[in-house]
Each structure stands twice: as C-alpha cells, then as structure tokens.
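Text of input-v5.csv (CSV, C-alpha atoms) as supplied:
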```csv
chain,number,residue,atom,x,y,z
S,23,MET,CA,-28.7,64.7,-8.8
S,24,PRO,CA,-32.0,66.6,-8.0
S,25,GLN,CA,-33.4,66.1,-4.5
S,26,LEU,CA,-36.3,63.7,-4.4
S,27,ASN,CA,-39.2,64.2,-2.0
S,28,CYS,CA,-42.1,62.1,-1.0
S,29,PRO,CA,-45.3,63.3,-2.8
S,30,GLN,CA,-47.2,62.6,0.5
S,31,CYS,CA,-45.1,64.2,3.3
S,32,SER,CA,-42.2,65.8,1.5
S,33,GLN,CA,-39.7,63.6,3.3
S,34,VAL,CA,-36.3,63.6,1.5
S,35,LEU,CA,-35.9,60.3,-0.2
S,36,GLU,CA,-32.9,58.2,-1.4
S,37,PRO,CA,-33.0,56.8,-5.0
S,38,SER,CA,-33.2,53.3,-3.6
S,39,ASP,CA,-36.3,53.9,-1.4
S,40,VAL,CA,-39.4,51.9,-2.2
S,41,THR,CA,-41.5,53.2,0.6
S,42,CYS,CA,-41.3,56.6,2.4
S,43,PRO,CA,-39.2,56.1,5.6
S,44,LYS,CA,-41.4,58.7,7.4
S,45,CYS,CA,-45.0,58.1,6.4
S,46,GLY,CA,-44.6,54.5,5.0
S,47,ALA,CA,-46.4,55.3,1.7
S,48,SER,CA,-45.7,53.1,-1.3
S,49,LEU,CA,-43.8,55.6,-3.5
S,50,ALA,CA,-45.0,53.9,-6.7
S,51,VAL,CA,-48.6,54.1,-5.8
S,52,VAL,CA,-48.7,57.5,-4.2
S,53,THR,CA,-46.7,59.0,-7.2
S,54,LEU,CA,-49.1,57.4,-9.6
S,55,LEU,CA,-52.1,58.9,-7.8
S,56,ALA,CA,-50.4,62.3,-7.5
S,57,GLU,CA,-49.7,62.2,-11.3
S,58,GLN,CA,-53.3,61.3,-12.1
S,59,HIS,CA,-54.4,64.1,-9.8
S,60,TRP,CA,-52.1,66.6,-11.6
S,61,LEU,CA,-53.1,65.4,-15.1
S,62,GLY,CA,-56.8,65.8,-14.1
S,63,ARG,CA,-56.1,69.3,-12.8
S,64,LYS,CA,-54.3,70.2,-16.1
S,65,ARG,CA,-57.3,69.1,-18.0
S,66,GLY,CA,-59.5,71.3,-15.9
S,67,GLY,CA,-61.2,68.4,-14.2
S,68,LEU,CA,-60.0,69.4,-10.6
S,69,GLY,CA,-60.1,73.1,-10.8
S,70,THR,CA,-57.1,75.5,-10.9
S,71,GLY,CA,-56.0,75.3,-7.3
S,72,SER,CA,-52.6,73.9,-6.2
S,73,LEU,CA,-52.1,70.2,-5.9
S,74,ARG,CA,-53.1,69.1,-2.4
S,75,PRO,CA,-50.9,66.6,-0.5
S,76,MET,CA,-52.4,63.1,-0.5
S,77,SER,CA,-52.9,61.1,2.6
S,78,VAL,CA,-51.6,57.5,2.9
S,79,GLU,CA,-55.1,56.7,4.2
S,80,GLN,CA,-56.4,57.4,0.7
S,81,LEU,CA,-54.4,54.4,-0.6
S,82,VAL,CA,-56.4,51.9,1.7
S,83,PRO,CA,-59.9,51.2,0.7
S,84,ARG,CA,-62.6,50.8,3.4
S,85,LEU,CA,-60.2,51.7,6.3
S,86,GLY,CA,-63.1,51.7,8.8
S,87,ASP,CA,-64.0,48.1,8.1
S,88,LEU,CA,-60.3,47.1,8.4
S,89,LEU,CA,-60.0,48.8,11.8
S,90,LEU,CA,-63.2,47.2,12.9
S,91,ALA,CA,-62.2,43.7,11.7
S,92,GLN,CA,-58.9,44.0,13.6
S,93,GLY,CA,-60.6,45.0,16.8
S,94,TYR,CA,-59.1,48.6,17.0
S,95,ILE,CA,-62.6,50.2,17.1
S,96,THR,CA,-66.1,49.2,17.8
S,97,GLU,CA,-69.1,49.2,15.5
S,98,ALA,CA,-70.5,52.2,17.5
S,99,GLN,CA,-67.3,54.2,17.1
S,100,LEU,CA,-67.3,53.5,13.3
S,101,GLN,CA,-70.9,54.6,12.9
S,102,GLU,CA,-70.3,57.7,14.9
S,103,ALA,CA,-67.2,58.6,12.8
S,104,LEU,CA,-69.2,58.0,9.6
S,105,ALA,CA,-72.0,60.2,10.8
S,106,ARG,CA,-69.6,63.0,11.7
S,107,ARG,CA,-68.0,62.8,8.2
S,108,ALA,CA,-71.4,62.9,6.6
S,109,GLN,CA,-72.3,66.0,8.6
S,110,GLY,CA,-69.2,67.8,7.5
S,111,SER,CA,-68.0,68.8,4.1
S,112,GLY,CA,-67.1,65.2,3.2
S,113,SER,CA,-63.4,66.1,2.7
S,114,ARG,CA,-62.2,65.0,6.1
S,115,LEU,CA,-60.7,61.6,6.3
S,116,LEU,CA,-62.2,58.8,8.5
S,117,GLY,CA,-58.9,58.2,10.2
S,118,GLN,CA,-58.6,61.8,11.2
S,119,ILE,CA,-62.1,61.8,12.7
S,120,LEU,CA,-61.4,58.6,14.6
S,121,MET,CA,-58.2,60.2,16.1
S,122,GLU,CA,-60.2,63.3,17.2
S,123,MET,CA,-62.7,60.9,18.8
S,124,GLY,CA,-59.8,59.2,20.7
S,125,ALA,CA,-60.8,55.9,19.2
S,126,VAL,CA,-57.3,55.3,17.7
S,127,THR,CA,-53.9,56.9,18.0
S,128,ARG,CA,-51.7,58.1,15.1
S,129,GLU,CA,-49.3,55.3,15.7
S,130,THR,CA,-52.1,52.7,15.5
S,131,LEU,CA,-53.5,54.2,12.3
S,132,ASP,CA,-50.1,54.4,10.6
S,133,ARG,CA,-49.4,50.8,11.6
S,134,VAL,CA,-52.7,49.5,10.2
S,135,ILE,CA,-52.3,51.5,7.0
S,136,ALA,CA,-48.7,50.4,6.5
S,137,ARG,CA,-49.6,46.7,7.0
S,138,GLN,CA,-52.5,47.0,4.6
S,139,ILE,CA,-50.3,48.6,1.9
S,140,LEU,CA,-47.7,45.9,2.4
S,141,GLU,CA,-50.4,43.3,1.9
S,142,LEU,CA,-51.6,45.0,-1.2
S,143,GLN,CA,-48.1,45.1,-2.5
S,144,ASN,CA,-47.6,41.4,-1.8
S,145,ALA,CA,-50.8,40.6,-3.5
S,146,LEU,CA,-49.7,42.6,-6.5
S,147,LEU,CA,-46.4,40.8,-6.6
S,148,GLN,CA,-48.1,37.4,-6.3
S,149,ALA,CA,-50.5,38.4,-9.2
S,150,ASN,CA,-47.5,39.4,-11.3
S,151,ARG,CA,-45.7,36.1,-10.6
S,152,THR,CA,-48.8,34.2,-11.5
S,153,LEU,CA,-49.2,36.2,-14.7
S,154,GLU,CA,-45.5,35.6,-15.6
S,155,GLN,CA,-46.0,31.9,-15.0
S,156,ASN,CA,-49.1,31.8,-17.1
S,157,VAL,CA,-47.3,33.8,-19.9
S,158,ALA,CA,-44.3,31.4,-19.7
S,159,GLU,CA,-46.6,28.3,-19.9
S,160,ARG,CA,-48.6,29.8,-22.8
S,161,THR,CA,-45.3,30.7,-24.6
S,162,ALA,CA,-44.1,27.2,-24.2
S,163,GLU,CA,-47.4,25.8,-25.5
S,164,LEU,CA,-47.1,28.1,-28.6
S,165,GLU,CA,-43.5,27.1,-29.2
S,166,MET,CA,-44.5,23.5,-29.1
S,167,ALA,CA,-47.4,24.1,-31.4
S,168,LEU,CA,-45.1,26.0,-33.8
S,169,LEU,CA,-42.7,23.1,-33.7
S,170,LYS,CA,-45.4,20.6,-34.5
S,171,LEU,CA,-46.7,22.8,-37.3
S,172,THR,CA,-43.2,23.0,-38.8
S,173,GLU,CA,-42.9,19.3,-38.6
S,174,LEU,CA,-46.2,18.8,-40.3
S,175,ASN,CA,-45.3,21.3,-43.1
S,176,GLN,CA,-42.1,19.5,-43.7
S,177,LEU,CA,-43.9,16.2,-43.8
S,178,LYS,CA,-46.5,17.7,-46.3
S,179,SER,CA,-43.6,19.0,-48.4
S,180,ASN,CA,-41.9,15.6,-48.5
S,181,ILE,CA,-45.2,13.9,-49.5
S,182,VAL,CA,-45.8,16.4,-52.2
S,183,THR,CA,-42.3,16.0,-53.6
S,184,ASN,CA,-42.3,12.2,-53.5
S,185,ILE,CA,-45.8,11.8,-55.1
S,186,SER,CA,-45.0,14.5,-57.7
S,187,ASN,CA,-41.8,12.9,-58.7
S,188,GLU,CA,-43.4,9.5,-59.1
S,189,LEU,CA,-46.3,10.9,-61.2
S,190,HIS,CA,-43.9,13.0,-63.3
S,191,THR,CA,-41.9,9.9,-64.2
S,192,SER,CA,-44.9,8.0,-65.3
S,193,LEU,CA,-46.3,11.1,-67.1
S,194,THR,CA,-43.1,11.4,-69.1
S,195,HIS,CA,-43.6,7.9,-70.5
S,196,ILE,CA,-47.2,8.6,-71.3
S,197,LYS,CA,-46.3,11.9,-73.0
S,198,SER,CA,-43.6,10.3,-75.1
S,199,TYR,CA,-45.9,7.6,-76.6
S,200,VAL,CA,-48.8,10.1,-77.1
S,201,THR,CA,-46.4,12.3,-79.0
S,202,LEU,CA,-45.2,9.5,-81.2
S,203,LEU,CA,-48.8,8.5,-81.9
S,204,THR,CA,-49.7,12.1,-82.7
S,205,GLU,CA,-46.8,12.6,-85.1
S,206,GLY,CA,-47.6,9.3,-86.9
S,207,GLU,CA,-44.4,7.6,-85.9
S,208,LEU,CA,-46.3,4.4,-84.9
S,209,GLY,CA,-48.7,4.3,-87.9
S,210,GLN,CA,-51.2,6.5,-89.7
S,211,LEU,CA,-54.3,7.6,-87.6
S,212,ALA,CA,-57.8,8.4,-88.6
S,213,PRO,CA,-58.9,12.1,-88.2
S,214,ALA,CA,-61.0,11.3,-85.2
S,215,GLN,CA,-58.0,9.4,-83.6
S,216,GLN,CA,-55.7,12.3,-84.4
S,217,GLU,CA,-58.1,14.7,-82.7
S,218,ALA,CA,-58.5,12.5,-79.6
S,219,LEU,CA,-54.7,12.2,-79.2
S,220,SER,CA,-54.2,16.0,-79.6
S,221,ALA,CA,-56.7,16.5,-76.8
S,222,THR,CA,-54.9,13.9,-74.7
S,223,LEU,CA,-51.6,15.6,-75.3
S,224,ASP,CA,-53.0,18.9,-74.2
S,225,ALA,CA,-54.3,17.3,-71.0
S,226,VAL,CA,-50.9,15.7,-70.4
S,227,ASN,CA,-49.1,19.0,-70.9
S,228,ARG,CA,-51.4,20.7,-68.4
S,229,LEU,CA,-50.9,17.9,-65.9
S,230,GLU,CA,-47.1,18.1,-66.4
S,231,GLN,CA,-47.2,21.8,-65.7
S,232,SER,CA,-49.2,21.2,-62.5
S,233,LEU,CA,-46.7,18.6,-61.3
S,234,GLU,CA,-43.7,20.9,-62.1
S,235,GLY,CA,-45.5,23.5,-60.0
S,236,LEU,CA,-45.9,21.1,-57.1
S,237,ILE,CA,-42.3,20.1,-57.2
S,238,ALA,CA,-41.1,23.7,-57.3
S,239,TYR,CA,-43.5,24.5,-54.4
S,240,ALA,CA,-42.2,21.7,-52.3
S,241,ALA,CA,-38.6,22.8,-52.9
S,242,SER,CA,-39.4,26.4,-51.9
S,243,ALA,CA,-41.3,25.2,-48.8
S,244,ARG,CA,-38.1,23.4,-47.6
S,245,GLY,CA,-36.1,26.6,-48.2
S,246,GLU,CA,-34.3,25.0,-51.1
S,247,MET,CA,-35.1,27.8,-53.7
S,248,THR,CA,-31.9,29.1,-55.2
S,249,LEU,CA,-31.8,31.8,-57.9
S,250,ASN,CA,-29.5,31.8,-60.9
S,251,LEU,CA,-29.3,35.5,-61.5
S,252,ARG,CA,-28.3,36.7,-64.9
S,253,SER,CA,-29.0,39.6,-67.3
S,254,VAL,CA,-31.9,38.8,-69.6
S,255,ARG,CA,-33.1,40.7,-72.8
S,256,ILE,CA,-36.7,41.7,-72.3
S,257,THR,CA,-38.1,41.6,-75.8
S,258,PRO,CA,-37.2,37.9,-76.7
S,259,PHE,CA,-38.0,36.9,-73.2
S,260,VAL,CA,-41.5,38.4,-73.4
S,261,ASP,CA,-42.1,37.1,-76.9
S,262,GLU,CA,-41.2,33.5,-75.9
S,263,VAL,CA,-43.6,33.6,-73.0
S,264,LEU,CA,-46.5,34.9,-75.2
S,265,GLN,CA,-45.7,32.3,-77.8
S,266,ARG,CA,-46.2,29.6,-75.1
S,267,VAL,CA,-49.7,30.8,-74.1
S,268,ARG,CA,-51.0,32.1,-77.4
S,269,PRO,CA,-52.6,28.7,-78.5
S,270,ALA,CA,-54.6,28.7,-75.3
S,271,ALA,CA,-55.7,32.3,-75.8
S,272,GLU,CA,-56.7,31.7,-79.4
S,273,GLN,CA,-58.6,28.5,-78.6
S,274,LYS,CA,-60.7,30.5,-76.1
S,275,GLY,CA,-61.2,33.5,-78.5
S,276,LEU,CA,-59.2,36.0,-76.5
S,277,ARG,CA,-57.1,38.9,-77.7
S,278,LEU,CA,-53.5,38.5,-76.5
S,279,ASP,CA,-51.1,41.4,-76.8
S,280,ARG,CA,-48.0,43.0,-75.3
S,281,ARG,CA,-47.0,46.6,-74.6
S,282,LEU,CA,-43.3,47.5,-74.1
S,283,ASN,CA,-42.6,51.0,-72.7
S,284,ILE,CA,-39.0,50.6,-71.8
S,285,THR,CA,-35.7,52.4,-72.3
S,286,GLN,CA,-33.7,49.7,-70.5
S,287,PRO,CA,-33.9,46.5,-72.6
S,288,ILE,CA,-32.4,44.2,-70.0
S,289,PHE,CA,-33.4,43.0,-66.6
S,290,LEU,CA,-31.6,41.0,-63.9
S,291,GLY,CA,-33.2,37.9,-62.5
S,292,ASP,CA,-33.6,34.1,-62.7
S,293,GLU,CA,-34.8,33.7,-66.3
S,294,GLU,CA,-36.2,30.3,-65.8
S,295,LYS,CA,-38.2,31.0,-62.6
S,296,LEU,CA,-39.5,34.4,-63.8
S,297,PHE,CA,-40.5,32.8,-67.1
S,298,TRP,CA,-42.5,30.4,-65.0
S,299,VAL,CA,-44.0,33.3,-63.0
S,300,LEU,CA,-45.2,35.1,-66.2
S,301,LEU,CA,-46.4,31.8,-67.7
S,302,GLN,CA,-48.5,31.2,-64.5
S,303,LEU,CA,-49.9,34.7,-64.4
S,304,LEU,CA,-50.8,34.7,-68.1
S,305,ASN,CA,-52.4,31.2,-67.9
S,306,ASN,CA,-54.5,32.4,-64.9
S,307,ALA,CA,-55.6,35.5,-66.9
S,308,ILE,CA,-56.6,33.3,-69.8
S,309,LYS,CA,-58.4,30.8,-67.6
S,310,PHE,CA,-60.5,33.5,-65.8
S,311,THR,CA,-61.3,35.7,-68.8
S,312,PRO,CA,-64.5,34.9,-70.7
S,313,GLN,CA,-64.5,34.5,-74.5
S,314,GLY,CA,-64.1,37.7,-76.3
S,315,GLY,CA,-62.0,39.3,-73.6
S,316,SER,CA,-58.4,40.4,-73.7
S,317,VAL,CA,-55.1,39.7,-71.9
S,318,MET,CA,-52.2,42.2,-72.0
S,319,LEU,CA,-48.6,41.8,-70.9
S,320,ASN,CA,-47.1,45.3,-70.1
S,321,VAL,CA,-43.5,45.9,-69.5
S,322,SER,CA,-42.4,49.4,-68.3
S,323,ASP,CA,-39.5,51.3,-66.7
S,324,GLU,CA,-39.8,52.1,-63.0
S,325,GLY,CA,-36.7,54.0,-62.0
S,326,HIS,CA,-33.8,51.4,-61.9
S,327,ARG,CA,-36.3,48.6,-62.1
S,328,VAL,CA,-38.5,46.9,-64.8
S,329,ARG,CA,-42.1,46.3,-64.0
S,330,PHE,CA,-44.0,43.4,-65.5
S,331,SER,CA,-47.8,43.5,-65.5
S,332,VAL,CA,-50.4,41.0,-66.6
S,333,GLN,CA,-53.8,42.7,-67.1
S,334,ASP,CA,-57.0,40.9,-68.1
S,335,THR,CA,-60.7,41.7,-68.5
S,336,GLY,CA,-61.8,38.6,-66.6
S,337,ILE,CA,-64.2,37.8,-63.8
S,338,GLY,CA,-62.1,39.7,-61.1
S,339,ILE,CA,-61.5,38.9,-57.5
S,340,PRO,CA,-63.6,40.2,-54.5
S,341,ALA,CA,-61.7,43.0,-52.6
S,342,ASP,CA,-61.9,41.2,-49.3
S,343,ARG,CA,-60.3,38.0,-50.7
S,344,LEU,CA,-57.3,39.4,-52.5
S,345,GLU,CA,-54.8,38.1,-49.9
S,346,GLU,CA,-56.4,34.6,-49.9
S,347,ILE,CA,-55.3,33.9,-53.4
S,348,PHE,CA,-51.6,33.8,-52.4
S,349,GLU,CA,-52.2,31.2,-49.6
S,350,ASP,CA,-51.0,27.6,-50.1
S,351,PHE,CA,-53.6,25.3,-51.6
S,352,ARG,CA,-56.1,28.1,-51.6
S,353,ARG,CA,-58.7,28.4,-54.3
S,354,LEU,CA,-61.7,30.7,-54.3
S,355,ASP,CA,-64.7,28.4,-54.3
S,356,GLY,CA,-67.4,30.9,-55.0
S,357,SER,CA,-70.1,30.2,-57.6
S,358,THR,CA,-68.1,32.1,-60.3
S,359,THR,CA,-64.9,30.1,-59.9
S,360,ARG,CA,-65.6,26.6,-58.6
S,361,HIS,CA,-65.7,25.2,-62.2
S,362,TYR,CA,-62.1,26.2,-62.8
S,363,THR,CA,-59.4,23.6,-62.1
S,364,GLY,CA,-56.1,24.0,-60.4
S,365,THR,CA,-54.0,22.9,-57.4
S,366,GLY,CA,-54.2,26.3,-55.6
S,367,LEU,CA,-50.4,26.5,-55.4
S,368,GLY,CA,-49.6,28.6,-58.5
S,369,LEU,CA,-50.0,32.0,-57.0
S,370,ALA,CA,-48.4,30.9,-53.7
S,371,LEU,CA,-45.3,29.9,-55.6
S,372,VAL,CA,-45.4,33.0,-57.7
S,373,ARG,CA,-45.2,35.1,-54.6
S,374,ARG,CA,-42.3,33.1,-53.2
S,375,ILE,CA,-40.3,33.4,-56.4
S,376,VAL,CA,-41.0,37.2,-56.7
S,377,GLU,CA,-40.1,37.8,-53.0
S,378,ALA,CA,-36.9,35.7,-53.5
S,379,HIS,CA,-36.0,38.4,-56.1
S,380,GLY,CA,-36.4,41.1,-53.4
S,381,ALA,CA,-39.7,42.3,-54.9
S,382,ARG,CA,-43.4,42.1,-54.1
S,383,ILE,CA,-46.3,40.9,-56.1
S,384,HIS,CA,-49.1,43.5,-56.4
S,385,VAL,CA,-52.7,42.8,-57.4
S,386,GLU,CA,-55.5,45.1,-58.3
S,387,SER,CA,-58.9,43.7,-59.2
S,388,GLN,CA,-62.6,44.6,-59.6
S,389,GLU,CA,-65.3,41.9,-59.8
S,390,GLY,CA,-66.6,41.6,-63.3
S,391,ARG,CA,-63.9,44.0,-64.7
S,392,GLY,CA,-60.7,42.1,-64.5
S,393,SER,CA,-57.4,41.9,-62.6
S,394,THR,CA,-53.8,43.2,-62.9
S,395,PHE,CA,-50.9,41.3,-61.3
S,396,SER,CA,-47.5,43.1,-61.4
S,397,PHE,CA,-44.0,42.9,-59.9
S,398,ALA,CA,-40.7,44.8,-60.5
S,399,VAL,CA,-37.2,43.4,-60.8
S,400,PRO,CA,-33.8,45.3,-61.2
S,401,ALA,CA,-32.8,46.6,-64.6
S,402,SER,CA,-29.4,45.4,-65.9
S,403,ALA,CA,-26.8,47.3,-67.9
S,404,MET,CA,-25.2,44.4,-69.9
S,405,PRO,CA,-26.5,41.0,-71.0
S,406,SER,CA,-24.8,37.9,-69.7
S,407,ALA,CA,-22.3,36.2,-72.0
```
Starting from the coordinates I provided, produce the structure as structure tokens.
Amino acid sequence: MPQLNCPQCSQVLEPSDVTCPKCGASLAVVTLLAEQHWLGRKRGGLGTGSLRPMSVEQLVPRLGDLLLAQGYITEAQLQEALARRAQGSGSRLLGQILMEMGAVTRETLDRVIARQILELQNALLQANRTLEQNVAERTAELEMALLKLTELNQLKSNIVTNISNELHTSLTHIKSYVTLLTEGELGQLAPAQQEALSATLDAVNRLEQSLEGLIAYAASARGEMTLNLRSVRITPFVDEVLQRVRPAAEQKGLRLDRRLNITQPIFLGDEEKLFWVLLQLLNNAIKFTPQGGSVMLNVSDEGHRVRFSVQDTGIGIPADRLEEIFEDFRRLDGSTTRHYTGTGLGLALVRRIVEAHGARIHVESQEGRGSTFSFAVPASAMPSA
C-alpha cells in the first residue's frame, strides 16, 4: 500500500486516521483545500510554482477574534499583530505574528485551533444529522402521499367501473328497442320517425363506445389488462377497421383511404385490443379533420415489426401540448377544440394498450396541418389456427 502523508506537515498517516496525529489538522478538510489549490494552479490561476504547504491556521476563520474571546490575547495585542501583518507582504499568518510577539505559545495556538476544528466538525456532523432527519421525514411524507394517491386512484377506478357497467346494462336495453323500431319490427314508421330513430341509434352507438372505453380504462388502471396474443392477417384486419369508420368519414365529407407497403402480411398482437386502438385513432382523426380533408391508414414494414400509422389533415396539436393528450381525463380545451366531445380517456388507454405490447405510441403534429399517430408491433410468420 502506498505511504500516506499529511498534506499539511507530511506526517506519515495510517489509513484509519481522521486527523493528523502531529498537527491535528482535519485530513478531509485540509486535503480538500490542497486539492482546490492544486486544481487552481493547474488552471493557471495560482501561477506555476510548487504547491505550498497549508497551515492548520488557515482552516480556522477569524483566529484573532477567537483568541481574544477566549482570553489568550488582549485587544491591544490583536491590533498590533494586525498592524504588523498589514505592513508586511500580507502572506504571514496572524498566529505566527502573535507567537513572534510572545503573546501566545505554539502549544496554545495549536490547542485553540484543534478545538475550533473539532467544533466545526461537530457542527458539520450535527448539520448532516439534521439534514438526514429532514430527508427521512420528507421521504415518509411523500410515501404517505403516494399511498393516499394510490388509494384515490383505486377508488376512482372502482367508481368508473361500477357506473360504466350500470350505464352499459341500461344502454343495451335502449339500443335493443331502438334497433327493433328502426328495422320496423314494432310497426311501420313515418320517414321523419325513421330519421329520428337513426340519429338516436348513432348517438347510442357513440355512447356505448365511450362506456366500453371507460370500462377498459378502469381495468387497465387496476393492472388487470391481459393480452391474448395471436397472429393476425393485416389486410382483412385493416379493411374491417376502415369499414367500421367509413360511414362517419363519408357523413363528414372526408376522404378515407389505406396504403399497405408490406412484405410480411401477418402481425402478432391482441387483435381485439389493437382493433380498438386503430378504431380510436381513426375516429379521433375523423373528429378533428374539417370537411373536405383526408384520413389515411398506412401499414408498412419496419425490420421485424409492422408499423401502423393514422395520418390526417386536421386541426393539429400545439407542439408544447403533445404529451398532455395521453394523460387520463385530459382534453385540450382551447378555442379550436372545446366544441368536440369525448371523455379524455381514449388516447390514455391507447397508450396503455400499445405499451402493453412492448411498443410506444408516437405522434407528430403541426397546428392547422394535421397529425400522425403511429406504433409498431412484431411481425409474425404464421397465422393462428
């Protein structure tokens, strides 16, 4: 093991020494100051001369006041020592001058300095203990707050589940009778009645979709999301999704199309959940795209993965708010979007489903020019039986 020496007096040290057994210097402090001195010299701040030994006295601020307060010197002696130092080059230490004057001895000076360093060390230890206690208390407070937040989120999830299930049950009955009326099973309807019931059925379908989203969100919030992974053929999967949203696009006067640029016709994933994801992204694109615009579903190869992208020419999203759209119950309430409806859970659930597949949802958008949402899932070699 290399020999260790005190940076102050060059006394040989043991690895366990905290203070120098010869000069009493705190090894941690004096080493730190010596290191700072050396670094300053390397930067050219202290010249190119050799590193001068540091005095323990330099570690004690206002040594003269300390000696005066403890009765080792008088006010007159202190003022005389200060005057002598001022007359000299300024490099001489006050303790050295006081010893030359005979005001104090080396033993007295070393004892006072050692005591002051010890007090400073004790003060530092006490400050560290206080800081550790404060950190421990703050950590406990944060842990309690996190526990409360977890309980509140669980309660919120339970409420959403219970209410959604109750509403879904009632909505199923309403939808059944509206469907029977629309199809003429309960008697012939006048054209105006038929039109009113068709609008009612559209509203019921939208409400049913929102409730299904709420139920799925609550399940994912409780950590109950499970994936049924299987191989899915891309072309029929995409065509079925587009068929579901085409009436809404046509009603709004939008051009809806797809582009397949794939050599691998099969992907691996939970077909039902990813179907819902694309349905949500396409419905959002249709919702936020003005009449005359277009919505495109792109599917392309990306190595051993298949990337799905939904691109629109809609109103776009401000760059500084892109992350907000994925937050639970978050809706952008600016003047351009506040008249659009929604629970604010669709994209939050989209991200959870995509991340459950080991992927990430990406979004690119420019205000007034549209948005693109995309994600990639693994390609699959063979379809499921």
remark   = Residue with the minimum atom-to-atom distance to Val200 of chain S, picked from S:Glu389, S:Glu188, S:Asp87, S:Asp224 with all atoms listed in the file counted, is S:Asp224
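Going from atom CA of Leu189 of chain S to atom CA of Asn306 of chain S covers 23.3 Å.
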All residues 12 Å or closer to Val376 of chain S, all atoms listed in the file, same chain fewer than 2 positions away omitted, as a PDB file with C-alpha atoms, in the coordinates of the input:
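See around-v9.pdb below for the written result:
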```pdb
ATOM      1  CA  SER S 242     -39.400  26.400 -51.900  1.00  0.00           C
ATOM      2  CA  MET S 247     -35.100  27.800 -53.700  1.00  0.00           C
ATOM      3  CA  LEU S 249     -31.800  31.800 -57.900  1.00  0.00           C
ATOM      4  CA  GLY S 291     -33.200  37.900 -62.500  1.00  0.00           C
ATOM      5  CA  ASP S 292     -33.600  34.100 -62.700  1.00  0.00           C
ATOM      6  CA  GLU S 293     -34.800  33.700 -66.300  1.00  0.00           C
ATOM      7  CA  LYS S 295     -38.200  31.000 -62.600  1.00  0.00           C
ATOM      8  CA  LEU S 296     -39.500  34.400 -63.800  1.00  0.00           C
ATOM      9  CA  PHE S 297     -40.500  32.800 -67.100  1.00  0.00           C
ATOM     10  CA  TRP S 298     -42.500  30.400 -65.000  1.00  0.00           C
ATOM     11  CA  VAL S 299     -44.000  33.300 -63.000  1.00  0.00           C
ATOM     12  CA  LEU S 300     -45.200  35.100 -66.200  1.00  0.00           C
ATOM     13  CA  ARG S 329     -42.100  46.300 -64.000  1.00  0.00           C
ATOM     14  CA  PHE S 330     -44.000  43.400 -65.500  1.00  0.00           C
ATOM     15  CA  PHE S 348     -51.600  33.800 -52.400  1.00  0.00           C
ATOM     16  CA  LEU S 369     -50.000  32.000 -57.000  1.00  0.00           C
ATOM     17  CA  ALA S 370     -48.400  30.900 -53.700  1.00  0.00           C
ATOM     18  CA  LEU S 371     -45.300  29.900 -55.600  1.00  0.00           C
ATOM     19  CA  VAL S 372     -45.400  33.000 -57.700  1.00  0.00           C
ATOM     20  CA  ARG S 373     -45.200  35.100 -54.600  1.00  0.00           C
ATOM     21  CA  ARG S 374     -42.300  33.100 -53.200  1.00  0.00           C
ATOM     22  CA  ALA S 378     -36.900  35.700 -53.500  1.00  0.00           C
ATOM     23  CA  HIS S 379     -36.000  38.400 -56.100  1.00  0.00           C
ATOM     24  CA  GLY S 380     -36.400  41.100 -53.400  1.00  0.00           C
ATOM     25  CA  ALA S 381     -39.700  42.300 -54.900  1.00  0.00           C
ATOM     26  CA  ARG S 382     -43.400  42.100 -54.100  1.00  0.00           C
ATOM     27  CA  ILE S 383     -46.300  40.900 -56.100  1.00  0.00           C
ATOM     28  CA  HIS S 384     -49.100  43.500 -56.400  1.00  0.00           C
ATOM     29  CA  PHE S 395     -50.900  41.300 -61.300  1.00  0.00           C
ATOM     30  CA  SER S 396     -47.500  43.100 -61.400  1.00  0.00           C
ATOM     31  CA  PHE S 397     -44.000  42.900 -59.900  1.00  0.00           C
ATOM     32  CA  ALA S 398     -40.700  44.800 -60.500  1.00  0.00           C
ATOM     33  CA  VAL S 399     -37.200  43.400 -60.800  1.00  0.00           C
ATOM     34  CA  PRO S 400     -33.800  45.300 -61.200  1.00  0.00           C
TER      35      PRO S 400
END
```
message = I want to know what sits within 8 Å of Ile308 of chain S, based on all atoms listed in the file, with residues of the same chain fewer than 5 positions away left out; could you give that as JSON, numbers by chain?
response = {"S": [270, 271, 276, 317, 334]}
ask   = Neighbours of segment 99-110 of chain S within 7 Å (only C-alpha atoms; same-chain residues fewer than 3 positions away dropped), as a ChimeraX atom specification?
value = /S:86,95-96,114,116,119-120
query = Mind pulling up the distance from atom CA of Ile284 of chain S to atom CA of Asp323 of chain S?
reply = 5.2 Å
query = How many Å lie between atom CA of Val321 of chain S and atom CA of Asp261 of chain S, rounded to one decimal?
reply =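 Interatomic distance here is 11.6 Å.
The residue that comes closest to Met318 of chain S, out of S:Asp279, S:Glu345, S:Glu262, S:Glu272 and on the basis of all atoms listed in the file, is S:Asp279.
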request  = Point out the residue among S:Ile288, S:Val385, S:Ala98, S:Ala167 with the least atom-to-atom distance to Gln333 of chain S, counting all atoms listed in the file.
outcome  =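 Of S:Ile288, S:Val385, S:Ala98, S:Ala167, the one nearest Gln333 of chain S, counting all atoms listed in the file, is S:Val385.
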